[in-house]
Structure formats: structure tokens, C-alpha cells
Amino acid sequence: MPFPLRKNIAAIAGYTPGEQPQVGEFIKLNTNENPYPPSPRVLSALRRAVNPSLRLYPAPLSDGLRNLAANVYGGGADNVLAGNGSDELLAILARCLVGKGDRVVYPVPTYTLYDTLIAIQEGEKVAVEFPPDFTLPEQIFSESGNLTIVANPNSPSGTLVPLEQIERLARAVSGVLVVDEAYIDFAEGDNVSAIQLIPRHSNLVVLRSFSKAFSLAGMRVGLAFAPEEIIQAMIKIKDSYNLNSLSLVSATAALNDLPWMLRNVKRVQRTRKRLTQSLKKLGFTVYPSQANFILVRRHGENLRGIYEELKRRKILVRYFDLPALRDTLRITVGTPQETDAFVRELKVIVESM
Ligand SMILES: Cc1ncc(COP(=O)(O)O)c(C=O)c1O
């Protein structure tokens with residue numbers, strides 16, 4: 001090694017994001033983007049914001065967005081921190097809470113970025129297997145760690161843990177509980193988010209993303225909701241200007257147009273239901289999804305061939321080359337037209353196997 005790379009960094013592969021093809025026309029059902037565009041208010045606010053004031057730095061604490069988020073979701077502005085995607089907020093939390101040898105507990109399979117962030121910190125990953133139905137494993141309530149993470153709804157399963165279980169876990173863990181709610185807007189029911197639990201739990205952090213329900217994956221904005229002490233610690237770590245001016249403008253405009261987001265969520269929920277039925281008819285085991293994607297399984301069969309054949313037909317879905325997931329595919333819920341095209345092609349592939 002010609003330069004003094006830390007041993008733990010040399011040892012990891014790094015997180016592999018889903019494919020983002022830059023050429024060719026694909027029906028893209030692999031990285032859980034929203035098939036509908038962002039609110040027209042976002043686009044016009046952005047056009048207005050492209051002006052000479054871009055020479056100035058943005059507000060270091062994203063004050064306007066913080067205040068608005070507190071109004072929309074409850075709590076005070078001091079309980080909110082904006083990040084460059086929820087990925088940045090996860091990285092900040094790992095840097096705040098995880099040092100060499102510190103334990104980080106989470107149920108698996110889940111979002112594999114958690115593995116990478118812990119490895120960078122030289123923390124100890126404590127992975128607790130989900131049972132086959134993806135309910136929260138009982139063992140997780142008795143594990144100790146600086147940090148416990150639950151993606152809710154979980155990826156790649158799309159399954160939702162009820163709020164009572166999340167609250168029970170917040171009481172049980174010895175350190176901080178992070179609930180990663182990147183997909184929660186797609187869940188049914190009005191009372192599913194853990195944000196409402198924060199006033200009762202000094203160790204609870206809830207993360208939200210603008211990438212999914214708000215159709216803003218390209219702008220990279222996420223929010224952390226937490227007790228003020230935790231937010232203060234996170235502020236010490238973050239880059240001074242972690243959100244650029246245009247991201248701030250777009251997230252603010254998106255939060256000011258909730259009806260647009262809610263309408264698109266309803267469309268995705270309707271298509272999710274139809275897609276679930278079609279996938280069951282084709283003989284797959286389908287996990288009950290409360291997210292904007294669906295995990296399907298054919299027990300014991302490697303589904304790489306189906307993924308590749310779909311790709312050849314210009315349809316991208318997510319195949320995870322991991323022992324626990326090779327017999328699954330994760331499919332993002334697209335528009336009705338995209339979904340119909342996907343089901344049509346999948347039927348042909350499955351019937352020819
Ligand atoms: C569970 C989960 N959390 C967080 C993220 C990251 O979202 P963001 O785009 O806000 O960084 C993703 C992205 O796919 C995700 O699946």
C-alpha cells in the first residue's frame with residue numbers, strides 16, 4: 001500500500017449503490033425512486049432560486065426548513081436537523097455514537113449502508129436475524145449497544161413494525177434508538193411514525209427522507225427528529241454548510257405542498273396493491289409491503305437469471321447478491337404503465353423457465 005490507508009478502510013468493499021444507468025431507456029424499478037415528478041411548486045421555486053445570490057453560502061442550520069419541519073411534524077426547531085439525504089444523517093449519527101469496538105445492533109436483512117458506516121467507525125456490528133415474517137426479533141430487545149437501528153418500513157422487505165413495538169424497543173435499548181423512516185409516508189394508517197414518541201424518549205432519533213414520497217432523490221435532503229441534546233451533538237459533527245441552497249429551496253417548497261405528495265402516495269399505494277396481486281398470481285411469495293417497493297421470493301432459487309433477463313428487456317429491478325437474499329427480488333412500484341410492462345415481461349420469463 002503506497003499510502004497510509006487505515007486498515008479498516010482497506011478491508012471494506014464500500015457501499016454499492018443500486019445501478020443508475022446514465023445511458024439507455026430503462027423502466028427503472030431498482031432504487032425506490034418515486035415515479036411521479038416533484039411538486040410544480042418545487043420546480044418554480046428552484047427556477048426563482050437560480051439567481052446571483054447563489055454566490056452566498058446557505059444558512060448553516062437550514063433555519064427555514066427546520067422551522068417548517070417542526071410546524072409540520074411537531075416539536076420545536078431545536079428538535080430537527082436537516083441533512084444531505086438521510087444517508088448523511090446516518091453517517092453523522094455513526095460518527096457521534098460509534099467508536100472502536102462499540103456495538104451497533106440491528107435486525108437483518110436491512111439497508112446495507114449501516115454495515116459500511118459501522119465498519120468505517122471500527123464499531124462492532126450485532127446483526128440479529130429477522131424471523132421469516134420480518135416481525136421484530138425478540139432478541140433485539142435484550143441486546144446492548146451504543147446504537148440500535150430499525151428501518152421502518154424495512155428495506156428490502158417493505159414490512160412495517162407497529163409503533164407499540166418501536167416504543168417498547170426505545171424503552172428496552174441501553175443506547176440510542178434510530179428509526180429510519182425513509183419510506184414511512186407510503187405506509188397505511190395515520191399514526192405510524194415514531195416522531196410522536198420523541199417527547200417521551202430521550203434516546204430516540206427518527207430519520208425522514210425527501211427522496212421517496214416527495215420525489216426529490218436528486219436533491220439529497222433528509223431530516224432528523226430527536227431530543228435537543230442529540231441534535232446539538234449532531235451539529236458538532238456535520239459540515240458547516242451541509243445542504244446547498246437549491247436543496248433547501250426544494251425541500252421547503254415540497255413541505256409546503258403536502259397535498260401533492262399525498263396524492264402521489266395514494267397512487268403508489270393503489271399500484272402496490274395491484275402489483276402484489278399480479279406477483280402472487282405468478283407464484284412468488286410476496287411480503288406485505290408498506291413501502292414503495294415489494295420484495296418477492298422463490299424459496300431456494302437464485303433469481304439472478306430473472307433479474308438479468310428483465311434487464312435485457314430494459315427493466316431494472318434490484319437483485320442482492322447476498323446469501324440471504326439471492327432467492328429474492330425487490331421491485332419498486334412504478335406508474336401503472338411501468339408496472340403493467342414489468343408484469344407482462346416477468347410473466348413471459350417465468351413461463352419460459
Ligand atoms: C432504509 C433507507 N434509509 C435511508 C435511505 C437513504 O435515503 P436518502 O436518499 O435520504 O439518503 C435509503 C435509500 O434508499 C433507504 O433505503
# chains A, B, ... in the order shown; residues from 1 in each chain; ligands from 1
>>> residues_near_ligand(ligand="ligand 1", cutoff="10 Å", atoms="only C-alpha atoms and all ligand atoms", output="PyMOL selection string")
chain A and resi 17-18+30-33+83-90+110-114+150-156+158+179-184+207-212+216-223+291
>>> select_by_dssp(residues="region 173-210 of chain A", states="helix (DSSP H, G or I)", output="ChimeraX atom specification")
/A:184-186,194-200
>>> closest_residue(among="A:Arg313, A:Arg168, A:Arg103, A:Arg297", to="Phe141 (chain A)", atoms="only C-alpha atoms")
A:Arg168
>>> residues_around(residues="Thr276 (chain A)", least_positions_apart="5", cutoff="9 Å", atoms="only C-alpha atoms", output="PyMOL selection string")
chain A and resi 271+281+286-289+294
>>> closest_atom_pairs(of="region 22-132 of chain A", to="region 234-239 of chain A", cutoff="7 Å", atoms="only C-alpha atoms", output="tab-separated table")
residue	atom	partner	partner_atom	distance
A:Ile92	CA	A:Met234	CA	6.2
A:Leu93	CA	A:Met234	CA	6.7
A:Cys96	CA	A:Met234	CA	6.6
>>> residues_around(residues="Thr116 (chain A)", least_positions_apart="4", cutoff="8 Å", atoms="only C-alpha atoms", output="list in words")
Ile12, Gly14, Tyr15, Thr112 and Ile120 of chain A
>>> write_last_selection(atoms="N, CA and C atoms", output="mmCIF file, in the first residue's frame")
data_model
loop_
_atom_site.group_PDB
_atom_site.id
_atom_site.type_symbol
_atom_site.label_atom_id
_atom_site.label_comp_id
_atom_site.auth_asym_id
_atom_site.auth_seq_id
_atom_site.Cartn_x
_atom_site.Cartn_y
_atom_site.Cartn_z
ATOM 1 N N ILE A 12 -12.643 -2.943 3.788
ATOM 2 C CA ILE A 12 -14.060 -2.973 3.373
ATOM 3 C C ILE A 12 -14.202 -2.697 1.881
ATOM 4 N N GLY A 14 -16.852 -1.091 0.698
ATOM 5 C CA GLY A 14 -17.605 0.154 0.494
ATOM 6 C C GLY A 14 -19.023 -0.184 0.072
ATOM 7 N N TYR A 15 -19.917 0.749 0.276
ATOM 8 C CA TYR A 15 -21.325 0.513 -0.064
ATOM 9 C C TYR A 15 -21.498 0.562 -1.579
ATOM 10 N N THR A 112 -28.004 -2.003 3.722
ATOM 11 C CA THR A 112 -26.618 -2.439 3.977
ATOM 12 C C THR A 112 -25.653 -1.268 4.181
ATOM 13 N N ILE A 120 -16.536 1.778 9.007
ATOM 14 C CA ILE A 120 -15.701 2.989 8.948
ATOM 15 C C ILE A 120 -15.339 3.441 10.356
#
>>> decode(residues="region 81-97 of chain A", atoms="all heavy atoms", output="PDB file, in the first residue's frame")
ATOM      1  N   LEU A  81     -32.864  18.417  12.560  1.00  0.00           N
ATOM      2  CA  LEU A  81     -31.641  18.730  11.804  1.00  0.00           C
ATOM      3  C   LEU A  81     -31.816  18.245  10.364  1.00  0.00           C
ATOM      4  O   LEU A  81     -32.276  17.121  10.135  1.00  0.00           O
ATOM      5  CB  LEU A  81     -30.419  18.037  12.431  1.00  0.00           C
ATOM      6  CG  LEU A  81     -29.083  18.357  11.756  1.00  0.00           C
ATOM      7  CD1 LEU A  81     -28.721  19.834  11.930  1.00  0.00           C
ATOM      8  CD2 LEU A  81     -27.971  17.480  12.309  1.00  0.00           C
ATOM      9  N   ALA A  82     -31.476  19.132   9.408  1.00  0.00           N
ATOM     10  CA  ALA A  82     -31.558  18.731   8.003  1.00  0.00           C
ATOM     11  C   ALA A  82     -30.219  18.163   7.565  1.00  0.00           C
ATOM     12  O   ALA A  82     -29.158  18.603   8.019  1.00  0.00           O
ATOM     13  CB  ALA A  82     -31.923  19.941   7.140  1.00  0.00           C
ATOM     14  N   GLY A  83     -30.284  17.169   6.693  1.00  0.00           N
ATOM     15  CA  GLY A  83     -29.054  16.541   6.199  1.00  0.00           C
ATOM     16  C   GLY A  83     -29.068  16.390   4.692  1.00  0.00           C
ATOM     17  O   GLY A  83     -30.114  16.514   4.054  1.00  0.00           O
ATOM     18  N   ASN A  84     -27.892  16.107   4.150  1.00  0.00           N
ATOM     19  CA  ASN A  84     -27.723  15.897   2.720  1.00  0.00           C
ATOM     20  C   ASN A  84     -28.170  14.461   2.396  1.00  0.00           C
ATOM     21  O   ASN A  84     -27.373  13.546   2.201  1.00  0.00           O
ATOM     22  CB  ASN A  84     -26.238  16.104   2.400  1.00  0.00           C
ATOM     23  CG  ASN A  84     -25.986  16.187   0.914  1.00  0.00           C
ATOM     24  OD1 ASN A  84     -26.609  15.479   0.134  1.00  0.00           O
ATOM     25  ND2 ASN A  84     -25.079  17.043   0.516  1.00  0.00           N
ATOM     26  N   GLY A  85     -29.510  14.291   2.404  1.00  0.00           N
ATOM     27  CA  GLY A  85     -30.084  12.954   2.351  1.00  0.00           C
ATOM     28  C   GLY A  85     -30.077  12.355   3.753  1.00  0.00           C
ATOM     29  O   GLY A  85     -29.307  12.806   4.617  1.00  0.00           O
ATOM     30  N   SER A  86     -30.940  11.371   3.986  1.00  0.00           N
ATOM     31  CA  SER A  86     -30.885  10.737   5.310  1.00  0.00           C
ATOM     32  C   SER A  86     -29.601   9.933   5.457  1.00  0.00           C
ATOM     33  O   SER A  86     -29.150   9.672   6.566  1.00  0.00           O
ATOM     34  CB  SER A  86     -32.134   9.913   5.617  1.00  0.00           C
ATOM     35  OG  SER A  86     -32.478   9.093   4.553  1.00  0.00           O
ATOM     36  N   ASP A  87     -28.977   9.566   4.345  1.00  0.00           N
ATOM     37  CA  ASP A  87     -27.666   8.899   4.420  1.00  0.00           C
ATOM     38  C   ASP A  87     -26.649   9.732   5.206  1.00  0.00           C
ATOM     39  O   ASP A  87     -25.880   9.201   6.002  1.00  0.00           O
ATOM     40  CB  ASP A  87     -27.099   8.669   3.010  1.00  0.00           C
ATOM     41  CG  ASP A  87     -27.710   7.448   2.324  1.00  0.00           C
ATOM     42  OD1 ASP A  87     -28.436   6.684   2.987  1.00  0.00           O
ATOM     43  OD2 ASP A  87     -27.449   7.274   1.124  1.00  0.00           O
ATOM     44  N   GLU A  88     -26.635  11.049   4.969  1.00  0.00           N
ATOM     45  CA  GLU A  88     -25.671  11.873   5.716  1.00  0.00           C
ATOM     46  C   GLU A  88     -26.003  11.867   7.209  1.00  0.00           C
ATOM     47  O   GLU A  88     -25.105  11.826   8.060  1.00  0.00           O
ATOM     48  CB  GLU A  88     -25.652  13.332   5.222  1.00  0.00           C
ATOM     49  CG  GLU A  88     -24.528  14.110   5.911  1.00  0.00           C
ATOM     50  CD  GLU A  88     -24.667  15.628   5.928  1.00  0.00           C
ATOM     51  OE1 GLU A  88     -25.767  16.161   5.724  1.00  0.00           O
ATOM     52  OE2 GLU A  88     -23.646  16.289   6.189  1.00  0.00           O
ATOM     53  N   LEU A  89     -27.296  11.881   7.520  1.00  0.00           N
ATOM     54  CA  LEU A  89     -27.694  11.893   8.939  1.00  0.00           C
ATOM     55  C   LEU A  89     -27.305  10.577   9.613  1.00  0.00           C
ATOM     56  O   LEU A  89     -26.877  10.562  10.770  1.00  0.00           O
ATOM     57  CB  LEU A  89     -29.194  12.170   9.053  1.00  0.00           C
ATOM     58  CG  LEU A  89     -29.585  13.564   8.525  1.00  0.00           C
ATOM     59  CD1 LEU A  89     -31.080  13.670   8.280  1.00  0.00           C
ATOM     60  CD2 LEU A  89     -29.121  14.664   9.501  1.00  0.00           C
ATOM     61  N   LEU A  90     -27.406   9.477   8.874  1.00  0.00           N
ATOM     62  CA  LEU A  90     -26.954   8.180   9.416  1.00  0.00           C
ATOM     63  C   LEU A  90     -25.442   8.215   9.675  1.00  0.00           C
ATOM     64  O   LEU A  90     -24.959   7.741  10.711  1.00  0.00           O
ATOM     65  CB  LEU A  90     -27.273   7.054   8.426  1.00  0.00           C
ATOM     66  CG  LEU A  90     -28.734   6.596   8.362  1.00  0.00           C
ATOM     67  CD1 LEU A  90     -28.997   5.788   7.098  1.00  0.00           C
ATOM     68  CD2 LEU A  90     -29.092   5.768   9.604  1.00  0.00           C
ATOM     69  N   ALA A  91     -24.703   8.808   8.742  1.00  0.00           N
ATOM     70  CA  ALA A  91     -23.234   8.881   8.905  1.00  0.00           C
ATOM     71  C   ALA A  91     -22.881   9.766  10.104  1.00  0.00           C
ATOM     72  O   ALA A  91     -21.967   9.441  10.884  1.00  0.00           O
ATOM     73  CB  ALA A  91     -22.599   9.420   7.623  1.00  0.00           C
ATOM     74  N   ILE A  92     -23.608  10.869  10.264  1.00  0.00           N
ATOM     75  CA  ILE A  92     -23.347  11.766  11.405  1.00  0.00           C
ATOM     76  C   ILE A  92     -23.624  11.021  12.717  1.00  0.00           C
ATOM     77  O   ILE A  92     -22.846  11.106  13.676  1.00  0.00           O
ATOM     78  CB  ILE A  92     -24.221  13.041  11.303  1.00  0.00           C
ATOM     79  CG1 ILE A  92     -23.747  13.916  10.142  1.00  0.00           C
ATOM     80  CG2 ILE A  92     -24.203  13.823  12.613  1.00  0.00           C
ATOM     81  CD1 ILE A  92     -24.662  15.110   9.834  1.00  0.00           C
ATOM     82  N   LEU A  93     -24.728  10.281  12.752  1.00  0.00           N
ATOM     83  CA  LEU A  93     -25.058   9.534  13.976  1.00  0.00           C
ATOM     84  C   LEU A  93     -23.995   8.487  14.282  1.00  0.00           C
ATOM     85  O   LEU A  93     -23.598   8.310  15.440  1.00  0.00           O
ATOM     86  CB  LEU A  93     -26.439   8.877  13.827  1.00  0.00           C
ATOM     87  CG  LEU A  93     -27.608   9.868  13.950  1.00  0.00           C
ATOM     88  CD1 LEU A  93     -28.882   9.291  13.346  1.00  0.00           C
ATOM     89  CD2 LEU A  93     -27.831  10.249  15.420  1.00  0.00           C
ATOM     90  N   ALA A  94     -23.518   7.807  13.237  1.00  0.00           N
ATOM     91  CA  ALA A  94     -22.466   6.796  13.458  1.00  0.00           C
ATOM     92  C   ALA A  94     -21.219   7.473  14.030  1.00  0.00           C
ATOM     93  O   ALA A  94     -20.595   6.972  14.974  1.00  0.00           O
ATOM     94  CB  ALA A  94     -22.152   6.074  12.143  1.00  0.00           C
ATOM     95  N   ARG A  95     -20.876   8.642  13.492  1.00  0.00           N
ATOM     96  CA  ARG A  95     -19.672   9.340  13.981  1.00  0.00           C
ATOM     97  C   ARG A  95     -19.865   9.855  15.407  1.00  0.00           C
ATOM     98  O   ARG A  95     -18.919   9.917  16.186  1.00  0.00           O
ATOM     99  CB  ARG A  95     -19.317  10.488  13.025  1.00  0.00           C
ATOM    100  CG  ARG A  95     -18.785   9.969  11.684  1.00  0.00           C
ATOM    101  CD  ARG A  95     -18.784  11.047  10.640  1.00  0.00           C
ATOM    102  NE  ARG A  95     -17.781  12.079  10.894  1.00  0.00           N
ATOM    103  CZ  ARG A  95     -17.798  13.284  10.346  1.00  0.00           C
ATOM    104  NH1 ARG A  95     -18.779  13.615   9.510  1.00  0.00           N
ATOM    105  NH2 ARG A  95     -16.863  14.149  10.614  1.00  0.00           N
ATOM    106  N   CYS A  96     -21.111  10.240  15.741  1.00  0.00           N
ATOM    107  CA  CYS A  96     -21.402  10.712  17.107  1.00  0.00           C
ATOM    108  C   CYS A  96     -21.334   9.585  18.123  1.00  0.00           C
ATOM    109  O   CYS A  96     -20.915   9.786  19.263  1.00  0.00           O
ATOM    110  CB  CYS A  96     -22.836  11.241  17.192  1.00  0.00           C
ATOM    111  SG  CYS A  96     -23.076  12.917  16.699  1.00  0.00           S
ATOM    112  N   LEU A  97     -21.813   8.413  17.738  1.00  0.00           N
ATOM    113  CA  LEU A  97     -22.160   7.400  18.749  1.00  0.00           C
ATOM    114  C   LEU A  97     -21.286   6.151  18.718  1.00  0.00           C
ATOM    115  O   LEU A  97     -21.330   5.359  19.663  1.00  0.00           O
ATOM    116  CB  LEU A  97     -23.625   6.971  18.546  1.00  0.00           C
ATOM    117  CG  LEU A  97     -24.660   8.070  18.794  1.00  0.00           C
ATOM    118  CD1 LEU A  97     -26.003   7.716  18.181  1.00  0.00           C
ATOM    119  CD2 LEU A  97     -24.815   8.309  20.293  1.00  0.00           C
TER     120      LEU A  97
END
